[in-house]
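Right, one structure below, let's go through it.
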Amino acid sequence: MTGHEVRYRPEQERDHAAVRELHARAFGYPDRVPDLVDALRAAPAPLAPVSLVATVDDTDGDRVVGHVMLSGCRLDALERLVAVYSLSPLGVLPEFQRSGIGTALIGHALSAAEAQGVPLVFLEGAPDYHGPRGFDDAERLGFRPPSLRNVPGAFQVVRLPAYEDWMHGTFVYSDVFWAHDCVGLRGEQLRAAQQAGDR
Ligand SMILES: CC(C)(COP(=O)(O)OP(=O)(O)OC[C@H]1O[C@@H](n2cnc3c(N)ncnc32)[C@H](O)[C@@H]1OP(=O)(O)O)[C@@H](O)C(=O)NCCC(=O)NCCS
């Protein structure tokens, strides 16, 4: 959908229901991703979460059409643990997709991470989408994925200015991702993604 002026701002409490609805529609599961977002907002983590929304003007005010979240995780480096961000989830309402909102949300999220002096932002996602938006193959750069259920190329990272050469090791998700079984893929989803990668 085009022709709307899209604005970007930090999420507020009044947006929570709209963010739930957005991820249910974007991902196509009623609760899995919305429950992850609710838990990430509430959980203790090594870094405060960053939660940003994209909005368009509506008759009742502004309407949430996109959302991205950064939440604190850890890199298990030889020297010490490093506080890093996971970029997850990212979602845009289906009728607003393909107009640059997802790209802009990633850009705002990376700027927020950089402003906080965070060295690394990790995610697991489609390399064809995230590669042109600044992410590199994390395994190729020497980082270890958080699980064996990792699809080649999906584990990606952005190195920000605070990154230093010694910061290598295993990416460790916060417990919320494990509690919601939102690390890597599993079962049929994993098999399908691996088969697609083999072709
Ligand atoms: C992925 C998502 C956030 C992109 O949002 P968006 O606002 O449509 O993104 P943009 O407009 O910035 O970019 C659109 C482009 O990305 C492409 N794209 C979208 N999903 C993609 C994917 N999984 N793999 C490769 N390319 C993808 C689109 O085809 C489009 O390409 P085009 O410009 O050549 O037409 C959105 O499609 C979405 O919410 N998907 C469901 C939730 C999801 O899968 N999130 C995790 C992302 S790994």
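FYI, nothing fancy with the structure tokens labels: chains A, B, ... in order, residues from 1 per chain, ligands from 1 as they appear.
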| request: Compile the contact shell of Leu185 in chain A as a VMD selection string: residues with an atom at most 10 Å away, counting only C-alpha atoms, same-chain residues fewer than 6 positions apart removed. | output: chain A and resid 124 147 to 151 191 to 194
| request: Enumerate residues in contact with ligand 1: an atom-to-atom distance of at most 10 Å, counting only C-alpha atoms and all ligand atoms. Format the result as number ranges by chain. | output: A: 22-28, 33, 54, 65-68, 87-107, 123-133, 154
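We find CA of Ala17 in chain A and CA of Arg32 in chain A to be spaced 14.3 Å apart.
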| Which of these, A:Ala43, A:Leu110, A:Val172, A:Val118, has the shortest distance to Pro146 in chain A once you count only C-alpha atoms? | A:Val172
| query | Any idea what's packed within 8 Å of range 34-38 of chain A, counting only C-alpha atoms, ignoring anything in its chain fewer than 5 positions away? Could you give it as a VMD selection string? | reply | chain A and resid 19 to 21 23 to 24 69 89 176 to 177 180 182
| query | To one decimal place, how far is CA of Asp76 in chain A from CA of Phe122 in chain A in Å? | reply | 13.2 Å
| What residues in range 14-76 of chain A get the DSSP label alpha helix (DSSP H)? Please answer as number ranges by chain. | A: 16-27, 32-42
Got time to write the residues from that selection, N, CA and C atoms, as a compact mmCIF listing (two decimals), in the first residue's frame?
```txt
# COMPACT_ATOMS: atom_id res chain seq x y z
N HIS A 16 0.86 -1.66 22.37
CA HIS A 16 1.13 -3.09 22.58
C HIS A 16 0.12 -4.00 21.87
N ALA A 17 -1.16 -3.66 21.95
CA ALA A 17 -2.17 -4.53 21.31
C ALA A 17 -1.99 -4.52 19.80
N ALA A 18 -1.70 -3.34 19.24
CA ALA A 18 -1.52 -3.25 17.78
C ALA A 18 -0.28 -4.02 17.34
N VAL A 19 0.75 -3.99 18.16
CA VAL A 19 1.98 -4.73 17.82
C VAL A 19 1.71 -6.23 17.84
N ARG A 20 0.93 -6.69 18.82
CA ARG A 20 0.55 -8.12 18.85
C ARG A 20 -0.17 -8.51 17.56
N GLU A 21 -1.16 -7.72 17.22
CA GLU A 21 -1.98 -7.99 16.02
C GLU A 21 -1.11 -7.98 14.76
N LEU A 22 -0.21 -7.02 14.72
CA LEU A 22 0.67 -6.89 13.55
C LEU A 22 1.50 -8.16 13.35
N HIS A 23 2.13 -8.66 14.42
CA HIS A 23 2.99 -9.84 14.25
C HIS A 23 2.16 -11.09 13.98
N ALA A 24 0.98 -11.16 14.56
CA ALA A 24 0.12 -12.32 14.27
C ALA A 24 -0.19 -12.35 12.77
N ARG A 25 -0.46 -11.20 12.19
CA ARG A 25 -0.79 -11.15 10.76
C ARG A 25 0.46 -11.30 9.89
N ALA A 26 1.56 -10.64 10.28
CA ALA A 26 2.78 -10.70 9.45
C ALA A 26 3.33 -12.12 9.40
N PHE A 27 3.39 -12.80 10.56
CA PHE A 27 4.00 -14.13 10.62
C PHE A 27 3.00 -15.25 10.38
N ARG A 32 2.55 -16.96 18.76
CA ARG A 32 3.97 -17.27 18.99
C ARG A 32 4.84 -16.01 19.03
N VAL A 33 4.81 -15.22 17.98
CA VAL A 33 5.67 -14.03 17.95
C VAL A 33 5.14 -12.94 18.88
N PRO A 34 3.80 -12.68 18.91
CA PRO A 34 3.31 -11.70 19.88
C PRO A 34 3.70 -12.04 21.32
N ASP A 35 3.65 -13.31 21.69
CA ASP A 35 4.04 -13.70 23.06
C ASP A 35 5.53 -13.46 23.29
N LEU A 36 6.33 -13.72 22.25
CA LEU A 36 7.78 -13.46 22.37
C LEU A 36 8.02 -11.98 22.65
N VAL A 37 7.34 -11.11 21.91
CA VAL A 37 7.53 -9.66 22.09
C VAL A 37 7.13 -9.24 23.51
N ASP A 38 5.99 -9.72 23.97
CA ASP A 38 5.55 -9.35 25.33
C ASP A 38 6.59 -9.78 26.36
N ALA A 39 7.13 -10.97 26.18
CA ALA A 39 8.10 -11.49 27.16
C ALA A 39 9.42 -10.72 27.07
N LEU A 40 9.84 -10.37 25.86
CA LEU A 40 11.11 -9.64 25.71
C LEU A 40 11.04 -8.27 26.37
N ARG A 41 9.88 -7.62 26.27
CA ARG A 41 9.74 -6.30 26.92
C ARG A 41 9.94 -6.41 28.43
N ALA A 42 9.46 -7.51 29.00
CA ALA A 42 9.39 -7.64 30.46
C ALA A 42 10.64 -8.26 31.09
```
| said: Just to confirm, what's the straight-line distance from CA of Tyr8 in chain A to CA of Ala83 in chain A in Å (one decimal)? | reply: 25.4 Å
Could you please write out, as a PDB file with C-alpha atoms, in the first residue's frame, every residue of range 44-152 of chain A that DSSP assigns to strand (DSSP E or B)?
```
ATOM      1  CA  VAL A  50      14.680  -1.094  21.834  1.00  0.00           C
ATOM      2  CA  SER A  51      11.198  -1.353  20.370  1.00  0.00           C
ATOM      3  CA  LEU A  52      10.304   0.830  17.381  1.00  0.00           C
ATOM      4  CA  VAL A  53       7.095   1.205  15.412  1.00  0.00           C
ATOM      5  CA  ALA A  54       6.242   2.493  11.973  1.00  0.00           C
ATOM      6  CA  THR A  55       2.929   4.352  11.876  1.00  0.00           C
ATOM      7  CA  VAL A  56       0.617   5.987   9.368  1.00  0.00           C
ATOM      8  CA  ASP A  57      -2.068   8.561  10.114  1.00  0.00           C
ATOM      9  CA  ASP A  58      -5.518   7.143  10.685  1.00  0.00           C
ATOM     10  CA  GLY A  61      -4.718   8.853  15.419  1.00  0.00           C
ATOM     11  CA  ASP A  62      -1.749   6.894  14.230  1.00  0.00           C
ATOM     12  CA  ARG A  63      -1.937   3.280  13.157  1.00  0.00           C
ATOM     13  CA  VAL A  64       0.927   0.851  13.755  1.00  0.00           C
ATOM     14  CA  VAL A  65       1.941  -0.801  10.473  1.00  0.00           C
ATOM     15  CA  GLY A  66       5.447  -2.061  11.310  1.00  0.00           C
ATOM     16  CA  HIS A  67       7.515  -3.045  14.326  1.00  0.00           C
ATOM     17  CA  VAL A  68      11.080  -4.056  15.118  1.00  0.00           C
ATOM     18  CA  MET A  69      12.680  -5.104  18.353  1.00  0.00           C
ATOM     19  CA  LEU A  70      16.247  -5.213  19.605  1.00  0.00           C
ATOM     20  CA  SER A  71      16.787  -7.166  22.790  1.00  0.00           C
ATOM     21  CA  GLY A  72      19.866  -7.833  24.855  1.00  0.00           C
ATOM     22  CA  CYS A  73      21.754 -11.113  24.383  1.00  0.00           C
ATOM     23  CA  ARG A  74      25.372 -12.193  24.863  1.00  0.00           C
ATOM     24  CA  LEU A  75      28.433 -13.055  22.866  1.00  0.00           C
ATOM     25  CA  ASP A  76      30.552 -15.641  24.678  1.00  0.00           C
ATOM     26  CA  ALA A  77      33.995 -14.300  23.691  1.00  0.00           C
ATOM     27  CA  LEU A  81      30.911 -11.949  27.849  1.00  0.00           C
ATOM     28  CA  VAL A  82      29.852  -9.082  25.560  1.00  0.00           C
ATOM     29  CA  ALA A  83      26.381  -7.535  25.652  1.00  0.00           C
ATOM     30  CA  VAL A  84      24.994  -7.566  22.113  1.00  0.00           C
ATOM     31  CA  TYR A  85      21.593  -7.153  20.506  1.00  0.00           C
ATOM     32  CA  SER A  86      19.345  -9.611  18.730  1.00  0.00           C
ATOM     33  CA  LEU A  87      17.188  -7.994  16.043  1.00  0.00           C
ATOM     34  CA  SER A  88      13.941  -9.938  16.338  1.00  0.00           C
ATOM     35  CA  PRO A  89      11.152  -9.812  15.497  1.00  0.00           C
ATOM     36  CA  LEU A  90      10.690  -7.583  12.465  1.00  0.00           C
ATOM     37  CA  GLY A  91       7.234  -7.398  10.943  1.00  0.00           C
ATOM     38  CA  VAL A  92       5.191  -5.230   8.598  1.00  0.00           C
ATOM     39  CA  LEU A 120      27.156  -6.292  17.360  1.00  0.00           C
ATOM     40  CA  VAL A 121      23.587  -6.954  16.221  1.00  0.00           C
ATOM     41  CA  PHE A 122      22.703 -10.569  15.354  1.00  0.00           C
ATOM     42  CA  LEU A 123      19.678 -12.143  13.746  1.00  0.00           C
ATOM     43  CA  GLU A 124      18.501 -15.337  12.109  1.00  0.00           C
ATOM     44  CA  ASP A 136      26.864 -10.343   6.814  1.00  0.00           C
ATOM     45  CA  ASP A 137      27.031 -14.112   7.174  1.00  0.00           C
ATOM     46  CA  ARG A 144      29.290 -19.536  16.244  1.00  0.00           C
TER      47      ARG A 144
END
```
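Proximity to Arg140 in chain A was assessed for A:Glu79, A:Gln12, A:Glu114, A:His168 counting only C-alpha atoms; the smallest distance is recorded for A:His168.
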| task | Find, counting only C-alpha atoms, the residue in A:Tyr29, A:Tyr173, A:Arg80, A:Pro10 that gets nearest to Ala109 in chain A. | result | A:Pro10
